[in-house]
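The structure file input.cif is reproduced below (mmCIF, C-alpha atoms).
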```cif
data_input
#
loop_
_atom_site.group_PDB
_atom_site.id
_atom_site.type_symbol
_atom_site.label_atom_id
_atom_site.label_comp_id
_atom_site.auth_asym_id
_atom_site.auth_seq_id
_atom_site.Cartn_x
_atom_site.Cartn_y
_atom_site.Cartn_z
ATOM 1 C CA MET B 769 36.796 15.825 145.991
ATOM 2 C CA THR B 770 35.038 15.868 149.356
ATOM 3 C CA GLY B 771 34.616 13.471 152.201
ATOM 4 C CA SER B 772 36.853 10.780 153.587
ATOM 5 C CA ALA B 773 36.400 7.088 152.885
ATOM 6 C CA THR B 774 37.730 3.804 154.189
ATOM 7 C CA ARG B 775 40.865 2.238 152.739
ATOM 8 C CA VAL B 776 41.260 -1.538 152.893
ATOM 9 C CA LEU B 777 44.901 -2.444 152.364
ATOM 10 C CA TYR B 778 45.811 -5.974 151.283
ATOM 11 C CA LEU B 779 49.448 -6.862 151.910
ATOM 12 C CA ALA B 780 51.063 -9.942 150.410
ATOM 13 C CA ARG B 781 54.623 -11.102 150.696
ATOM 14 C CA HIS B 782 56.071 -12.144 147.340
ATOM 15 C CA ALA B 783 55.813 -15.837 146.486
ATOM 16 C CA GLU B 784 58.743 -18.230 146.928
ATOM 17 C CA ALA B 785 61.811 -16.877 145.153
ATOM 18 C CA ALA B 786 64.375 -18.784 143.128
ATOM 19 C CA PRO B 787 67.786 -19.079 144.821
ATOM 20 C CA ASP B 788 69.383 -16.622 142.392
ATOM 21 C CA GLY B 789 66.687 -14.007 143.082
ATOM 22 C CA ALA B 790 65.816 -13.723 139.389
ATOM 23 C CA GLY B 791 62.174 -14.664 139.864
ATOM 24 C CA LEU B 792 59.976 -17.343 141.393
ATOM 25 C CA THR B 793 60.255 -21.091 141.795
ATOM 26 C CA ASP B 794 57.593 -23.390 140.332
ATOM 27 C CA ALA B 795 56.029 -23.534 143.786
ATOM 28 C CA GLY B 796 56.189 -19.746 143.988
ATOM 29 C CA ARG B 797 54.359 -19.335 140.713
ATOM 30 C CA ARG B 798 51.639 -21.649 141.967
ATOM 31 C CA GLN B 799 51.420 -19.675 145.214
ATOM 32 C CA ALA B 800 50.984 -16.434 143.284
ATOM 33 C CA VAL B 801 48.236 -17.840 141.075
ATOM 34 C CA LEU B 802 46.361 -19.168 144.115
ATOM 35 C CA LEU B 803 46.697 -15.816 145.846
ATOM 36 C CA GLY B 804 45.190 -14.155 142.784
ATOM 37 C CA ARG B 805 42.288 -16.585 142.820
ATOM 38 C CA ARG B 806 41.767 -15.879 146.511
ATOM 39 C CA LEU B 807 41.382 -12.183 145.703
ATOM 40 C CA ARG B 808 38.990 -12.563 142.766
ATOM 41 C CA GLU B 809 35.933 -11.544 144.798
ATOM 42 C CA THR B 810 37.743 -8.550 146.293
ATOM 43 C CA PRO B 811 36.932 -5.128 144.770
ATOM 44 C CA LEU B 812 40.577 -4.222 144.209
ATOM 45 C CA THR B 813 41.298 -1.007 142.332
ATOM 46 C CA ALA B 814 45.083 -1.310 141.956
ATOM 47 C CA ILE B 815 48.122 -3.502 142.559
ATOM 48 C CA HIS B 816 51.364 -1.986 143.834
ATOM 49 C CA HIS B 817 54.579 -3.988 143.968
ATOM 50 C CA GLY B 818 58.205 -3.585 144.913
ATOM 51 C CA PRO B 819 60.953 -3.304 142.271
ATOM 52 C CA LEU B 820 62.633 -6.691 142.791
ATOM 53 C CA PRO B 821 61.877 -9.502 140.299
ATOM 54 C CA ARG B 822 60.259 -11.761 142.910
ATOM 55 C CA ALA B 823 57.728 -9.076 143.835
ATOM 56 C CA GLU B 824 57.058 -8.017 140.250
ATOM 57 C CA GLU B 825 56.514 -11.569 139.010
ATOM 58 C CA THR B 826 54.196 -12.286 141.935
ATOM 59 C CA ALA B 827 52.169 -9.162 141.142
ATOM 60 C CA ASP B 828 52.000 -10.103 137.449
ATOM 61 C CA LEU B 829 50.680 -13.597 138.207
ATOM 62 C CA VAL B 830 48.180 -12.281 140.745
ATOM 63 C CA GLY B 831 47.062 -9.659 138.250
ATOM 64 C CA GLU B 832 46.428 -12.283 135.569
ATOM 65 C CA GLN B 833 43.769 -13.767 137.843
ATOM 66 C CA LEU B 834 42.064 -10.430 138.451
ATOM 67 C CA GLY B 835 41.597 -8.918 135.014
ATOM 68 C CA ALA B 836 42.551 -5.426 133.892
ATOM 69 C CA LEU B 837 43.810 -3.718 137.032
ATOM 70 C CA PRO B 838 46.365 -0.898 137.023
ATOM 71 C CA GLN B 839 49.721 -2.069 138.333
ATOM 72 C CA TYR B 840 52.341 0.247 139.823
ATOM 73 C CA ARG B 841 56.000 -0.356 140.595
ATOM 74 C CA SER B 842 56.962 1.372 143.834
ATOM 75 C CA GLU B 843 60.303 1.730 145.591
ATOM 76 C CA ALA B 844 58.342 2.229 148.820
ATOM 77 C CA ALA B 845 57.059 -1.354 148.475
ATOM 78 C CA GLY B 846 60.605 -2.702 148.218
ATOM 79 C CA ASP B 847 62.852 -4.768 150.490
ATOM 80 C CA TYR B 848 64.595 -2.583 153.070
ATOM 81 C CA ILE B 849 65.129 -2.046 156.786
ATOM 82 C CA PRO B 850 62.361 0.363 157.874
ATOM 83 C CA ASP B 851 63.852 1.331 161.237
ATOM 84 C CA THR B 852 66.977 0.567 163.244
ATOM 85 C CA PRO B 853 66.257 0.250 166.977
ATOM 86 C CA ALA B 854 68.973 0.672 169.565
ATOM 87 C CA HIS B 855 70.147 -2.369 171.529
ATOM 88 C CA GLU B 856 68.471 -1.148 174.724
ATOM 89 C CA GLU B 857 65.076 -0.897 172.995
ATOM 90 C CA LEU B 858 64.996 -4.599 172.181
ATOM 91 C CA PRO B 859 63.759 -7.421 174.437
ATOM 92 C CA PRO B 860 66.707 -8.960 176.323
ATOM 93 C CA THR B 861 66.037 -12.430 174.908
ATOM 94 C CA VAL B 862 66.693 -11.297 171.324
ATOM 95 C CA ALA B 863 68.739 -8.126 171.743
ATOM 96 C CA GLU B 864 72.105 -9.712 170.931
ATOM 97 C CA PRO B 865 71.270 -11.559 167.677
ATOM 98 C CA TRP B 866 69.005 -8.787 166.406
ATOM 99 C CA THR B 867 71.622 -6.119 167.127
ATOM 100 C CA GLU B 868 74.247 -8.240 165.363
ATOM 101 C CA PHE B 869 71.964 -8.354 162.302
ATOM 102 C CA LEU B 870 71.296 -4.616 162.387
ATOM 103 C CA ASN B 871 74.984 -3.785 162.739
ATOM 104 C CA ARG B 872 75.515 -5.210 159.249
ATOM 105 C CA ILE B 873 73.268 -2.479 157.803
ATOM 106 C CA THR B 874 75.191 0.518 156.453
ATOM 107 C CA VAL B 875 74.389 4.099 157.382
ATOM 108 C CA GLU B 876 73.231 4.733 153.822
ATOM 109 C CA GLU B 877 70.906 1.698 153.923
ATOM 110 C CA ARG B 878 69.451 2.862 157.234
ATOM 111 C CA GLU B 879 68.752 6.350 155.938
ATOM 112 C CA THR B 880 67.255 5.041 152.699
ATOM 113 C CA GLY B 881 65.110 2.512 154.553
ATOM 114 C CA SER B 882 63.777 5.089 156.975
ATOM 115 C CA ALA B 883 62.807 7.420 154.116
ATOM 116 C CA LEU B 884 61.139 4.618 152.146
ATOM 117 C CA ALA B 885 59.223 3.453 155.223
ATOM 118 C CA ALA B 886 57.869 6.968 155.719
ATOM 119 C CA SER B 887 56.847 7.064 152.045
ATOM 120 C CA ALA B 888 55.087 3.698 152.384
ATOM 121 C CA VAL B 889 53.047 4.945 155.336
ATOM 122 C CA GLU B 890 52.084 8.066 153.401
ATOM 123 C CA MET B 891 51.220 6.180 150.194
ATOM 124 C CA PHE B 892 49.480 3.085 151.489
ATOM 125 C CA THR B 893 47.856 3.818 154.851
ATOM 126 C CA GLY B 894 45.026 5.888 156.281
ATOM 127 C CA PRO B 895 41.578 6.798 154.937
ATOM 128 C CA VAL B 896 41.303 8.110 151.374
ATOM 129 C CA PRO B 897 39.740 11.266 149.927
ATOM 130 C CA GLY B 898 36.271 11.027 148.427
ATOM 131 C CA ASP B 899 33.195 9.020 149.266
ATOM 132 C CA GLU B 900 34.098 5.580 147.869
ATOM 133 C CA PRO B 901 36.078 2.940 149.795
ATOM 134 C CA ARG B 902 39.390 1.993 148.196
ATOM 135 C CA HIS B 903 40.772 -1.556 148.103
ATOM 136 C CA GLU B 904 44.458 -1.871 147.132
ATOM 137 C CA LEU B 905 46.957 -4.723 147.058
ATOM 138 C CA VAL B 906 50.642 -4.219 147.830
ATOM 139 C CA VAL B 907 52.961 -7.097 146.915
ATOM 140 C CA THR B 908 56.023 -6.526 149.037
ATOM 141 C CA HIS B 909 58.408 -8.097 151.553
ATOM 142 C CA THR B 910 58.147 -9.295 155.120
ATOM 143 C CA PHE B 911 59.889 -6.275 156.719
ATOM 144 C CA LEU B 912 57.446 -3.735 155.288
ATOM 145 C CA ILE B 913 54.445 -5.877 156.211
ATOM 146 C CA GLY B 914 55.743 -6.016 159.776
ATOM 147 C CA TRP B 915 56.309 -2.257 159.761
ATOM 148 C CA LEU B 916 52.774 -1.443 158.597
ATOM 149 C CA VAL B 917 51.161 -3.922 160.986
ATOM 150 C CA ARG B 918 53.243 -2.452 163.814
ATOM 151 C CA ALA B 919 52.073 1.033 162.872
ATOM 152 C CA ALA B 920 48.429 -0.074 162.685
ATOM 153 C CA MET B 921 48.700 -1.570 166.179
ATOM 154 C CA ASP B 922 50.535 1.500 167.515
ATOM 155 C CA ALA B 923 53.265 -0.839 168.747
ATOM 156 C CA PRO B 924 56.874 0.194 169.493
ATOM 157 C CA LYS B 925 58.972 0.880 166.419
ATOM 158 C CA TRP B 926 61.216 -2.135 166.978
ATOM 159 C CA ARG B 927 58.233 -4.489 166.778
ATOM 160 C CA TRP B 928 58.519 -4.901 162.996
ATOM 161 C CA MET B 929 61.352 -7.274 163.829
ATOM 162 C CA GLY B 930 60.402 -10.895 164.382
ATOM 163 C CA MET B 931 57.018 -10.442 162.680
ATOM 164 C CA ASN B 932 57.519 -13.146 160.083
ATOM 165 C CA HIS B 933 55.332 -13.596 157.025
ATOM 166 C CA ALA B 934 54.937 -16.599 154.716
ATOM 167 C CA ASN B 935 55.390 -16.357 150.963
ATOM 168 C CA ALA B 936 52.072 -15.357 149.340
ATOM 169 C CA GLY B 937 50.442 -15.001 152.743
ATOM 170 C CA LEU B 938 47.770 -12.326 153.044
ATOM 171 C CA THR B 939 47.440 -9.537 155.604
ATOM 172 C CA VAL B 940 44.557 -7.058 155.545
ATOM 173 C CA ILE B 941 44.368 -3.708 157.366
ATOM 174 C CA ARG B 942 41.292 -1.459 157.423
ATOM 175 C CA TYR B 943 41.704 2.316 157.792
ATOM 176 C CA ALA B 944 38.325 3.913 158.533
ATOM 177 C CA PRO B 945 37.753 7.645 159.119
ATOM 178 C CA ASP B 946 37.803 8.684 162.775
ATOM 179 C CA ARG B 947 38.741 5.190 163.992
ATOM 180 C CA PRO B 948 41.999 3.406 164.791
ATOM 181 C CA ALA B 949 43.380 1.120 162.101
ATOM 182 C CA THR B 950 42.164 -2.475 162.360
ATOM 183 C CA VAL B 951 44.196 -5.527 161.409
ATOM 184 C CA LEU B 952 41.593 -7.872 159.918
ATOM 185 C CA LEU B 953 43.936 -10.678 158.838
ATOM 186 C CA PHE B 954 47.587 -11.451 159.435
ATOM 187 C CA ASN B 955 49.636 -13.922 157.412
ATOM 188 C CA ASP B 956 46.584 -15.854 156.248
ATOM 189 C CA THR B 957 47.662 -18.800 154.064
ATOM 190 C CA GLY B 958 44.310 -20.588 153.779
ATOM 191 C CA HIS B 959 44.419 -20.313 149.994
ATOM 192 C CA LEU B 960 47.613 -22.404 149.838
ATOM 193 C CA PRO B 961 47.757 -26.215 150.106
ATOM 194 C CA ALA B 962 49.865 -27.586 152.947
ATOM 195 C CA GLY B 963 52.815 -28.518 150.733
ATOM 196 C CA ILE B 964 53.530 -24.901 149.754
ATOM 197 C CA ARG B 965 52.004 -23.065 152.722
ATOM 198 C CA TRP B 966 54.973 -22.518 154.990
ATOM 199 C CA THR B 967 57.723 -21.331 152.662
ATOM 200 C CA GLY B 968 59.465 -18.186 153.801
ATOM 201 C CA LEU B 969 58.981 -18.906 157.504
ATOM 202 C CA PRO B 970 61.681 -20.195 159.873
ATOM 203 C CA PRO B 971 61.301 -23.931 160.606
ATOM 204 C CA GLU B 972 60.233 -23.333 164.211
ATOM 205 C CA LEU B 973 57.196 -21.326 163.024
ATOM 206 C CA ARG B 974 55.891 -23.972 160.637
ATOM 207 C CA VAL B 975 53.020 -26.151 161.820
#
```
Same coordinates, now as structure tokens:
Amino acid sequence: MTGSATRVLYLARHAEAAPDGAGLTDAGRRQAVLLGRRLRETPLTAIHHGPLPRAEETADLVGEQLGALPQYRSEAAGDYIPDTPAHEELPPTVAEPWTEFLNRITVEERETGSALAASAVEMFTGPVPGDEPRHELVVTHTFLIGWLVRAAMDAPKWRWMGMNHANAGLTVIRYAPDRPATVLLFNDTGHLPAGIRWTGLPPELRV
């Protein structure tokens, strides 16, 4: 296979999850269906999703709207801490609460998260071999979306923190040969009606 072609990566946070984590709420299922309809005109070649039920059910419902697409379960698309910044790396206004949150993460979780984040970058980003553009959807969680957007923007590693994402929101990153990555969309929820648009975001970020 020769050449190098553009990858367009579509990132979606899972739809609204049930309190017990076993799957989606009624609103979440509606969000997932609407996300699938939003993507109908997109030339997707595959759907990847994390291993947790909320991500898998979202991917299944999206896939039902798109026809026969291959679907892959990936640990790299899971819910984990991609990087653990030191206190001094963080902005002073948020250093204390963010450090308190990070201190609850075990050494094992940090090491696993770092390895999975590296795998996600290798699997899902950058141009692709061949001559045909590739369009892929990854149904994942807000931390990984923040990590990949941060990487695309060449921002500091800590910047994945505080980059919130709504349930079933859509982010799109374009990786073209010989060009920097381009974030085309971030947390776009235009496919969702107002009543179910802001789930998953802190109250102060809802408009």
For this session: To one decimal in Å, tell me the separation between atom CA of B:Ala823 and atom CA of B:Val907.
Result: 6.0 Å
Problem set entry | Expected answer as a list in words: all residues with atoms within 12 Å of (61.1, -19.1, 141.1), only C-alpha atoms | His782, Ala783, Glu784, Ala785, Ala786, Pro787, Asp788, Gly789, Ala790, Gly791, Leu792, Thr793, Asp794, Ala795, Gly796, Arg797, Arg798, Gln799, Ala800, Pro821, Arg822, Ala823, Glu824, Glu825, Thr826 and Asn935 of chain B
What does the file look like for those residues with C-alpha atoms, as a PDB file, in the frame of the given file?
```pdb
ATOM      1  CA  HIS B 782      56.071 -12.144 147.340  1.00  0.00           C
ATOM      2  CA  ALA B 783      55.813 -15.837 146.486  1.00  0.00           C
ATOM      3  CA  GLU B 784      58.743 -18.230 146.928  1.00  0.00           C
ATOM      4  CA  ALA B 785      61.811 -16.877 145.153  1.00  0.00           C
ATOM      5  CA  ALA B 786      64.375 -18.784 143.128  1.00  0.00           C
ATOM      6  CA  PRO B 787      67.786 -19.079 144.821  1.00  0.00           C
ATOM      7  CA  ASP B 788      69.383 -16.622 142.392  1.00  0.00           C
ATOM      8  CA  GLY B 789      66.687 -14.007 143.082  1.00  0.00           C
ATOM      9  CA  ALA B 790      65.816 -13.723 139.389  1.00  0.00           C
ATOM     10  CA  GLY B 791      62.174 -14.664 139.864  1.00  0.00           C
ATOM     11  CA  LEU B 792      59.976 -17.343 141.393  1.00  0.00           C
ATOM     12  CA  THR B 793      60.255 -21.091 141.795  1.00  0.00           C
ATOM     13  CA  ASP B 794      57.593 -23.390 140.332  1.00  0.00           C
ATOM     14  CA  ALA B 795      56.029 -23.534 143.786  1.00  0.00           C
ATOM     15  CA  GLY B 796      56.189 -19.746 143.988  1.00  0.00           C
ATOM     16  CA  ARG B 797      54.359 -19.335 140.713  1.00  0.00           C
ATOM     17  CA  ARG B 798      51.639 -21.649 141.967  1.00  0.00           C
ATOM     18  CA  GLN B 799      51.420 -19.675 145.214  1.00  0.00           C
ATOM     19  CA  ALA B 800      50.984 -16.434 143.284  1.00  0.00           C
ATOM     20  CA  PRO B 821      61.877  -9.502 140.299  1.00  0.00           C
ATOM     21  CA  ARG B 822      60.259 -11.761 142.910  1.00  0.00           C
ATOM     22  CA  ALA B 823      57.728  -9.076 143.835  1.00  0.00           C
ATOM     23  CA  GLU B 824      57.058  -8.017 140.250  1.00  0.00           C
ATOM     24  CA  GLU B 825      56.514 -11.569 139.010  1.00  0.00           C
ATOM     25  CA  THR B 826      54.196 -12.286 141.935  1.00  0.00           C
ATOM     26  CA  ASN B 935      55.390 -16.357 150.963  1.00  0.00           C
TER      27      ASN B 935
END
```
For this session: Would you please work out which residue, of B:Pro865, B:Pro895, B:Gly818, B:Pro860, is nearest to B:Gly846 when using only C-alpha atoms?
Result: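 Using only C-alpha atoms, B:Gly846 sits closest to B:Gly818.
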Exercise. Which residue, B:Ala854, B:Ala814, B:Leu777, B:Ala863, has the smallest gap to B:Ala888 when you use only C-alpha atoms?
Worked result: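 The closest residue to B:Ala888 is B:Leu777.
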For this session: Report as a PyMOL selection string the residues that result from applying the PyMOL selection byres ((chain B and resi 849) around 9) to the structure here.
Result: chain B and resi 847-848+850-852+870+873+877-878+880-882+885+911-912
Problem set entry | Among listed residues B:Arg974, B:His909, B:Arg942, B:His903, nearest B:Ala844 (using only C-alpha atoms) |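 Using only C-alpha atoms, the shortest distance to B:Ala844 belongs to B:His909.
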For this session: Determine, counting all atoms listed in the file, which protein, DNA and RNA residues have an atom within 12 Å of an atom of B:Val975; residues of the same chain fewer than 2 positions away are not included. Present the result as a list in words.
Result: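 Using all atoms listed in the file, the neighbours found are Thr957, Ala962, Gly963, Arg965, Trp966, Thr967, Leu969, Pro970, Pro971, Glu972 and Leu973 of chain B.
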Would you save the residues from that selection as a CSV table (one decimal), in the frame of the given file, using C-alpha atoms?
```csv
chain,number,residue,atom,x,y,z
B,957,THR,CA,47.7,-18.8,154.1
B,962,ALA,CA,49.9,-27.6,152.9
B,963,GLY,CA,52.8,-28.5,150.7
B,965,ARG,CA,52.0,-23.1,152.7
B,966,TRP,CA,55.0,-22.5,155.0
B,967,THR,CA,57.7,-21.3,152.7
B,969,LEU,CA,59.0,-18.9,157.5
B,970,PRO,CA,61.7,-20.2,159.9
B,971,PRO,CA,61.3,-23.9,160.6
B,972,GLU,CA,60.2,-23.3,164.2
B,973,LEU,CA,57.2,-21.3,163.0
```
Exercise. So, counting all atoms listed in the file, which residue among B:Ala827, B:Leu802, B:Ala886, B:Leu779 is closest to B:Gly914?
Worked result: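 Smallest distance to B:Gly914 is found for B:Leu779.
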Exercise. Separation of atom CA of B:Arg775 and atom CA of B:Val896, in Å?
Worked result: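 We find that atom CA of B:Arg775 and atom CA of B:Val896 lie 6.0 Å from each other.
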Problem set entry | Point-to-point distance from atom CA of B:Glu890 to atom CA of B:Leu952, Å rounded to tenths |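 Going from atom CA of B:Glu890 over to atom CA of B:Leu952, I get 20.2 Å.
Of the residues under consideration (B:Tyr778, B:Trp928, B:Tyr840, B:Phe892), B:Tyr778 shows the shortest atom-to-atom contact distance to B:Leu807 when counting all atoms listed in the file.
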For this session: Convert the output of the PyMOL selection byres ((chain B and resi 816) around 7) on the shown file into explicit residues, formatted as an MDAnalysis selection string.
Result: chainID B and resid 814:815 817 839:842 905:907
